[in-house]
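Here the structure comes first, spelled out in structure tokens, and everything after it is commentary.
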There are 2 protein chains.
Amino acid sequence: MKAHIISIGNELLIGDTINTNAAWLGEFLTGMGFDVKLVQTISDEADLIKESITQSMEKADLVISTGGLGPTHDDITKKAVAELFDVGFLRDEQTLEYIRSIFKKRNIPFSKSNYAQAEVPKNAEVLFNKAGTAPGMLFKENGSVLVVLPGVPHEMKYLMKKRAAPKLREIFGDLQFVYFHYIKTAGIGESTLSDEVLGDLSEYFTNGVSLAFLPSGGGVNLRLTATGKTKEEAKGNLNDLSELIYTKAKKYIYGEGKDYSISEAVGDLLYEQGKYISVAESCTGGLVANTFTDVPGSSRYFQGGIIAYDNAVKHQQLGVAEDDLLQFGAVSKPVALQMAKGVAERLGTSIGISTTGIAGPDGGTDEKPVGTVWMGFYQQDGAHFAVKTVFTKDRLMNKQRTMMVLMEITRRVLKGIPEMPYDLEKQYP
Amino acid sequence: MKAHIISIGNELLIGDTINTNAAWLGEFLTGMGFDVKLVQTISDEADLIKESITQSMEKADLVISTGGLGPTHDDITKKAVAELFDVGFLRDEQTLEYIRSIFKKRNIPFSKSNYAQAEVPKNAEVLFNKAGTAPGMLFKENGSVLVVLPGVPHEMKYLMKKRAAPKLREIFGDLQFVYFHYIKTAGIGESTLSDEVLGDLSEYFTNGVSLAFLPSGGGVNLRLTATGKTKEEAKGNLNDLSELIYTKAKKYIYGEGKDYSISEAVGDLLYEQGKYISVAESCTGGLVANTFTDVPGSSRYFQGGIIAYDNAVKHQQLGVAEDDLLQFGAVSKPVALQMAKGVAERLGTSIGISTTGIAGPDGGTDEKPVGTVWMGFYQQDGAHFAVKTVFTKDRLMNKQRTMMVLMEITRRVLKGIPEMPYDLEKQYP
């Protein structure tokens with residue numbers, strides 16, 4: 001079953017808005033078993049909208065349009081569709097009542113022009129929108145299905161998941177279910193993971209099974225895909241490949257699920273083990289703490305941190321020896337070690353981690369080029385070591401990679417995995 | 001002059017990759033004076049590529065394709081284009097030499113298949129790629145121009161800016177220059193800024209002048225656009241509108257330029273005034289510090305911070321009174337005030353700022369619902385106050401908005417603007 005996506009809106013063409021809707025829909029439709037053949041972005045012009053929809057309905061079994069359903073004069077999708085099918089408008093009473101209730105709640109007077117929001121072409125099946133005021137619409141014409149959705153991302157997703165998808169499953173009864181399974185790895189590069197750790201997996205690529213390597217912010221996500229008549233069948237087809245990947249790459253895998261982050265993985269381990277962590281950050285400047293606290297419930301294991309950007313803060317708030325700062329410099333093993341221990345002791349946590357480096361773009365020397373970073377780890381009555389690496393010249397990338405490697409170091413200690421990520425060397429005091 | 005963009009790659013259709021290239025190209029081409037009429041995303045299939053290019057070259061003066069130029073078997077754009085124009089291949093010696101030198105530098109053996117990377121269709125003008133191994137190509141056929149670029153974003157941008165744009169200016173001599181000017185505002189909502197502060201500006205919308213309101217992470221960016229025969233003429237056409245906006249909205253404007261952030265604006269003011277700042281963060285959990293340190297050179301004014309996630313850290317590291325924590329709770333005016341003062345005193349800066357709130361999604365009460373945030377400001381021998389607001393139920397949005405409002409509060413104090421953003425009330429100890 002072929003699907004086309006039509007994104008409507010001038011803001012997409014001139015680059016004011018990045019078309020994230022099309023990516024989300026592409027994944028969602030692929031997951032439902034559709035073969036997405038085309039994404040087309042056009043401006044808010046009635047003739048273009050009619051032409052694109054007509055052409056796509058001729059070629060595809062399903063056409064989804066997004067955008068142009070708002071209340072302003074730019075929003076002409078509904079009118080264009082009614083013209084295309086040569087039908088008049090009906091008022092949808094459920095939508096009208098809902099819009100009225102919203103206006104009442106917000107204490108805004110309900111004007112005549114607001115009635116238009118509740119009108120739909122006569123041949124539309126209304127997709128009732130509880131997430132906004134513009135209803136979605138579904139049309140069955142000439143052997144093809146057209147779904148018209150608003151462009152606001154959370155409304156579009158709500159209508160697609162809750163209203164359109166069940167109807168599409170009914171209409172296209174024989175869809176192959178496509179199942180995605182994400183395995184998240186860290187501490188190893190894409191090519192090493194692919195060529196040396198996993199090797200040739202082609203014998204597993206039957207029954208619509210495939211594997212993609214998706215590098216992301218210092219880690220590599222594995223996306224396993226399979227098809228089947230049901231979700232269970234599709235899932236079942238992945239079992240062998242999934243097991244093999246776990247056997248071969250176990251120590252690099254920190255979790256499963258598209259949105260499961262490494263800070264969540266570290267947090268889950270800390271919570272399971274009843275441990276608290278604190279952070280001492282120089283070159284990452286708050287990024288490590290920020291990443292921990294992006295996770296709901298992180299106060300169950302994250303105590304706090306000290307951002308020691310200036311050397312005076314390293315000395316006074318973390319107890320780093322002034323002599324060592326002078327002799328070895330701020331970006332050095334002794335300083336990273338003392339920062340990690342200092343923050344754990346002062347904030348009263350069993351684990352402390354630290355970063356000190358030259359984020360860039362300037363400030364490097366021959367001996368310590370831009371991108372040089374020391375990361376420290378301290379555990380009460382346990383390991384105390386530092387790891388050094390040299391990243392790039394890009395400031396934000398250096399912050400991101402440092403965070404990622406430090407999280408993976410912490411995860412490995414908590415899991416009892418002896419090696420360090422990327423084979424970095426542990427350096428003891 | 002009409003332009004079409006064709007994005008080639010299955011990863012775009014199934015949503016693995018968000019099409020940021022098309023947005024960048026859309027803005028770039030609009031800036032050059034082209035009218036971008038269509039963005040089309042298709043899969044790596046030779047027939048589709050040929051069909052899309054043919055159709056677009058019939059309708060548009062300029063067609064840009066991205067993707068499918070790599071060395072693997074999926075990459076078939078070059079072959080499809082040669083078939084379309086019915087020509088054979090030539091070897092580009094400059095590209096070959098460059099690829100050889102890269103392989104030599106990296107100490108990788110140069111194999112036969114690598115020659116293919118240096119081959120181009122006979123009718124191509126080569127766009128030499130110093131940013132990668134795949135050359136770009138420009139074709140003039142049937143009264144239209146086709147530019148074929150790789151999909152790797154930094155290579156695509158390099159080739160477009162350095163190689164394609166100068167040739168396109170030569171070919172399309174009479175392009176209208178389009179000039180974008182960004183004015184960045186904070187502390188006021190989009191509709192208030194538009195309706196109450198700026199009012200009706202339509203009399204200024206002549207000579208291709210227009211204005212867009214782009215809400216972004218808690219602020220509103222104004223994009224002014226004008227056209228002209230030269231950059232100077234286009235720029236000149238914006239003068240009146242730009243001046244008027246400054247007259248009417250001065251206090252909300254923190255700077256100019258698309259990428260100028262509010263943390264950079266605050267940093268520039270601190271540096272000019274020779275002041276240092278430190279931060280005490282609870283609900284933002286490191287985001288404020290992280291945003292400051294994303295800016296190169298921030299060590300000239302940013303001293304460091306204390307992430308006081310747990311109440312014990314608020315008391316021990318920042319000197320917040322245990323009685324106040326008990327009596328008023330962590331999310332309260334006295335705690336925000338003491339955190340700001342505490343961090344300034346302990347880290348030795350003239351300014352200290354703080355956040356304490358309920359980021360969510362859980363943890364609210366009737367009295368203090370999720371999204372309740374107190375922000376504190378302390379200046380040595382100066383202002384000492386706190387501001388309260390209630391944001392949403394979304395954790396990440398609450399962190400982001402708190403950061404933004406606190407930055408704007410700080411900017412206003414440094415600029416001597418008496419009112420607080422969004423008319424929030426200053427509350428003194």
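Ordered as shown in the structure tokens, chains take letters A, B, and onward, while each chain numbers its residues from 1 and ligands are numbered from 1 in the order shown.
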*Distance query Val63 in chain A at most 8 Å, only C-alpha atoms, self and fewer than 5 positions along chain excluded, as a PyMOL selection string*: chain A and resi 3-6+53+56-57+144-147
Based on the selection just made, write C-alpha atoms of those residues as a PDB file, in the first residue's frame.
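Saved the output as result.pdb:
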ATOM      1  CA  ALA A   3       1.303   6.506   0.809  1.00  0.00           C
ATOM      2  CA  HIS A   4       2.084  10.121  -0.078  1.00  0.00           C
ATOM      3  CA  ILE A   5       2.482  13.002   2.352  1.00  0.00           C
ATOM      4  CA  ILE A   6       1.666  16.582   1.341  1.00  0.00           C
ATOM      5  CA  ILE A  53      -3.806  16.089  -3.988  1.00  0.00           C
ATOM      6  CA  SER A  56      -1.136  11.894  -5.342  1.00  0.00           C
ATOM      7  CA  MET A  57      -4.608  10.298  -5.076  1.00  0.00           C
ATOM      8  CA  SER A 144      -7.960   6.382  -2.669  1.00  0.00           C
ATOM      9  CA  VAL A 145      -8.111   7.745   0.880  1.00  0.00           C
ATOM     10  CA  LEU A 146      -7.265  11.356   1.757  1.00  0.00           C
ATOM     11  CA  VAL A 147      -6.645  12.390   5.362  1.00  0.00           C
TER      12      VAL A 147
END
Would you mind listing what lies within 9 Å of range 223-232 of chain B as a PDB file with C-alpha atoms, in the first residue's frame, with only C-alpha atoms counted and same-chain residues fewer than 3 positions away left out?
ATOM      1  CA  GLY B  31      17.688  34.914   0.223  1.00  0.00           C
ATOM      2  CA  GLY B  33      15.943  35.917  -4.770  1.00  0.00           C
ATOM      3  CA  ASP B 174      18.808  39.754 -12.805  1.00  0.00           C
ATOM      4  CA  LEU B 175      18.063  38.120  -9.440  1.00  0.00           C
ATOM      5  CA  GLN B 176      16.456  40.354  -6.859  1.00  0.00           C
ATOM      6  CA  PHE B 177      18.547  40.314  -3.731  1.00  0.00           C
ATOM      7  CA  VAL B 178      16.525  39.332  -0.672  1.00  0.00           C
ATOM      8  CA  TYR B 179      17.779  40.606   2.659  1.00  0.00           C
ATOM      9  CA  PHE B 180      16.746  39.107   6.021  1.00  0.00           C
ATOM     10  CA  HIS B 181      17.177  41.013   9.227  1.00  0.00           C
ATOM     11  CA  TYR B 182      16.445  39.372  12.584  1.00  0.00           C
ATOM     12  CA  ILE B 183      15.489  41.368  15.664  1.00  0.00           C
ATOM     13  CA  LYS B 184      15.301  39.243  18.811  1.00  0.00           C
ATOM     14  CA  PHE B 205       5.138  46.770   3.508  1.00  0.00           C
ATOM     15  CA  THR B 206       6.275  48.196   0.179  1.00  0.00           C
ATOM     16  CA  ASN B 207       9.395  47.399  -1.926  1.00  0.00           C
ATOM     17  CA  GLY B 208       9.106  43.728  -0.976  1.00  0.00           C
ATOM     18  CA  VAL B 209       9.289  44.534   2.739  1.00  0.00           C
ATOM     19  CA  SER B 210       7.573  42.084   5.082  1.00  0.00           C
ATOM     20  CA  LEU B 211       7.649  41.089   8.725  1.00  0.00           C
ATOM     21  CA  ALA B 212       7.239  37.670  10.368  1.00  0.00           C
ATOM     22  CA  PHE B 213       6.779  36.844  14.063  1.00  0.00           C
ATOM     23  CA  LEU B 214       8.663  33.657  14.964  1.00  0.00           C
ATOM     24  CA  LYS B 235      18.947  46.637   3.388  1.00  0.00           C
ATOM     25  CA  GLY B 236      18.090  50.284   2.814  1.00  0.00           C
ATOM     26  CA  ASN B 237      14.460  49.404   2.145  1.00  0.00           C
ATOM     27  CA  LEU B 238      14.247  48.036   5.689  1.00  0.00           C
ATOM     28  CA  LEU B 241      10.482  49.614   9.472  1.00  0.00           C
ATOM     29  CA  SER B 242      13.525  48.702  11.522  1.00  0.00           C
ATOM     30  CA  LYS B 258      19.505  34.974  13.612  1.00  0.00           C
TER      31      LYS B 258
END
Could you build a table of the residues in chain A lying no more than 7 Å from chain B, giving for each the nearest pair of atoms and their separation in Å rounded to one decimal place, using only C-alpha atoms, ordered by chain and ascending residue number, as CSV?
residue,atom,partner,partner_atom,distance
A:Leu12,CA,B:Ala23,CA,6.7
A:Leu13,CA,B:Gly26,CA,5.4
A:Ile14,CA,B:Gly26,CA,4.5
A:Gly15,CA,B:Ala23,CA,3.9
A:Thr17,CA,B:Ala23,CA,7.0
A:Ile18,CA,B:Ala23,CA,5.6
A:Asn19,CA,B:Asn19,CA,6.6
A:Thr20,CA,B:Ile18,CA,6.1
A:Ala23,CA,B:Gly15,CA,3.9
A:Trp24,CA,B:Gly15,CA,5.9
A:Gly26,CA,B:Ile14,CA,4.4
A:Glu27,CA,B:Gly15,CA,4.7
A:Thr30,CA,B:Ile14,CA,6.1
A:Val36,CA,B:Leu13,CA,6.1
A:Lys37,CA,B:Ile42,CA,6.3
A:Leu38,CA,B:Ile42,CA,5.2
A:Val39,CA,B:Thr41,CA,4.9
A:Gln40,CA,B:Gln40,CA,4.5
A:Thr41,CA,B:Val39,CA,4.9
A:Ile42,CA,B:Leu38,CA,5.2
A:Ser43,CA,B:Lys37,CA,6.7
A:Gly285,CA,B:Asn290,CA,5.2
A:Gly286,CA,B:Asn290,CA,4.4
A:Leu287,CA,B:Asn290,CA,5.2
A:Ala289,CA,B:Gly286,CA,5.2
A:Asn290,CA,B:Gly286,CA,4.4
A:Thr293,CA,B:Gly285,CA,5.5
A:Asp294,CA,B:Leu396,CA,6.6
A:Pro296,CA,B:Pro361,CA,6.9
A:Ser299,CA,B:Tyr309,CA,6.9
A:Gln303,CA,B:Asp310,CA,5.3
A:Gly304,CA,B:Ile307,CA,4.8
A:Gly305,CA,B:Ile307,CA,4.7
A:Ile306,CA,B:Ile306,CA,4.6
A:Ile307,CA,B:Gly305,CA,4.7
A:Ala308,CA,B:Gly304,CA,5.0
A:Tyr309,CA,B:Gly304,CA,4.8
A:Asp310,CA,B:Gln303,CA,5.3
A:Val313,CA,B:Leu347,CA,6.4
A:Leu347,CA,B:Val313,CA,6.4
A:Pro361,CA,B:Pro296,CA,6.9
A:Leu396,CA,B:Asp294,CA,6.6
